[in-house]
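Notes follow once the structure below has been shown.
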Amino acid sequence: IAPPGDRIARRHIEQLHPQVVRRGWLQESVPDADERGKEVEVGDGRGRRSPLAGLLRADMQPGDAATLAAELGRISDSGGTITDARDLVLRWRERVSTVFRATQDSADDRALLLAAVMLEGLGPAEVLNGARLLLKDQKTRGIRDILTGRDLATRLDAVQAKSDGQRVTFSHLPGYPAAVLRHFWRQLSDVQPNLISWVKQLTGPKGLGFGRIPEIADLLAQLAVDEGDLRPLDVAQAWAAAGDAGQNGAARLLARVARDPALGQEARTRLRSWAGQEPRANATISAVVCQGPFSKEYPRQALTCLRWVLGRPEHDS
């Protein structure tokens with residue numbers, strides 16, 4: 001009887017590709033840098049949850065486990081990131097590329113894909129409206145086009161979304177929505193300003209995605225971290241003026257990125273800047289961030305932000 005697949009993969013990696021182990025990719029969490037910039041030792045319980053955690057399964061076939069071990073070693077040797085490794089394991093890149101080839105001539109379907117990612121959990125009609133908002137499509141379709149066009153369920157299925165008629169979901173493809181966003185951001189970079197503007201519209205107080213702000217914040221934070229780009233954080237100031245839900249979403253987004261080893265310093269600088277400036281909503285976001293997990297990892301910087309908040313010229317009424 002063959003041993004479990006996850007044990008085979010780990011054994012192959014430990015014996016043949018020790019550099020993967022040294023980088024901490026097989027740990028439940030990936031080490032972050034501390035406030036002095038020193039890397040935290042693997043296994044001390046601190047850091048972000050590893051994108052590979054849980055992907056080495058006992059039911060993997062021995063051949064697949066050995067192949068996975070070799071591929072992880074190759075990615076590590078070539079300077080790849082743990083995100084590259086996860087994409088390999090889940091085959092998201094191949095799946096996303098296939099979808100993009102199939103929708104090459106259809107802006108409607110690509111907009112539908114983006115809307116399904118951002119509005120996951122909502123109904124098909126709401127997702128369709130989100131796609132039309134992205135395309136600024138306010139035209140009324142003729143009855144002939146409606147009757148001869150593909151039905152919405154077929155279009156959603158073509159972009160890998162599932163729909164039971166009540167809601168659209170990617171629950172069958174965990175990690176796929178983030179891979180889709182990365183592909184749009186990296187391969188269709190001209191779309192970036194329009195994408196950010198659209199997200200702001202979607203998540204406005206009366207927007208289709210207002211109730212999805214926490215999930216969208218997580219998607220944007222992951223995008224910023226994966227791409228090493230702070231521009232997805234531009235939505236935070238719009239959210240700051242959107243009441244408690246928006247401010248909590250902005251705080252969630254900034255807190256996640258502020259703890260990243262690569263982008264964290266610049267994000268923390270932004271937090272300090274907001275702490276002492278108008279409008280008041282920006283200072284509120286800084287205060288909310290400094291009450292959460294961020295304060296445990298960066299206590300001095302959290303206290304500095306709070307001092308800036310308290311030192312604002314206009315006091316709360």
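So you can find residues: chains in the structure tokens are A, B, ... in the order shown, residues in each start at 1, and ligands are numbered from 1 in order.
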
From the DSSP assignment of the backbone, select every residue of segment 135-312 of chain A that is strand (DSSP E), and format the answer as a PyMOL selection string. chain A and resi 162-163+168-169

Could you give me, as JSON lines, a per-residue list for segment 199-226 of chain A showing, wherever an atom lies at most 12 Å from an atom of segment 74-92 of chain A, the closest pair of atoms and their distance in Å to one decimal, using only C-alpha atoms and sorting by chain then residue number from low to high?
{"residue": "A:Gln222", "atom": "CA", "partner": "A:Thr83", "partner_atom": "CA", "distance": 10.2}
{"residue": "A:Leu223", "atom": "CA", "partner": "A:Thr83", "partner_atom": "CA", "distance": 10.9}
{"residue": "A:Val225", "atom": "CA", "partner": "A:Thr83", "partner_atom": "CA", "distance": 10.0}
{"residue": "A:Asp226", "atom": "CA", "partner": "A:Thr83", "partner_atom": "CA", "distance": 7.1}

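With only C-alpha atoms as the atoms that count, the residue of A:Arg95, A:Gln265, A:Arg7, A:Gly246 with the shortest distance to Lys206 of chain A is A:Gly246.
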
Atom CA of Leu195 of chain A to atom CA of Pro293 of chain A, straight-line distance in Å: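 If I compute the distance from atom CA of Pro293 of chain A to atom CA of Leu195 of chain A, I get 29.1 Å.
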
Spatial neighbours of Phe210 of chain A, max dist 9 Å, only C-alpha atoms, sep filter under 6 positions, as a list in words: Leu202, Thr203, Gly204, Ala245 and Gly246 of chain A

Which of A:Leu72, A:Val199, A:Val180, A:Val289 sits closest to Leu133 of chain A [using only C-alpha atoms]: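 Using only C-alpha atoms, the shortest distance to Leu133 of chain A belongs to A:Val199.
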
Close residues, segment 142-158 of chain A itself excluded, 8 Å, only C-alpha atoms, min 3 positions apart in chain, as a list in words: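 Within the cut-off, the hits are Val99, Asp109, Leu112, Leu113, Pro124, Ala161, Lys162 and Ser163 of chain A.
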
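The smallest atom-to-atom distance between Val127 of chain A and any of A:Arg57, A:Arg93, A:Arg22, A:Arg167, using only C-alpha atoms, is found for A:Arg167.
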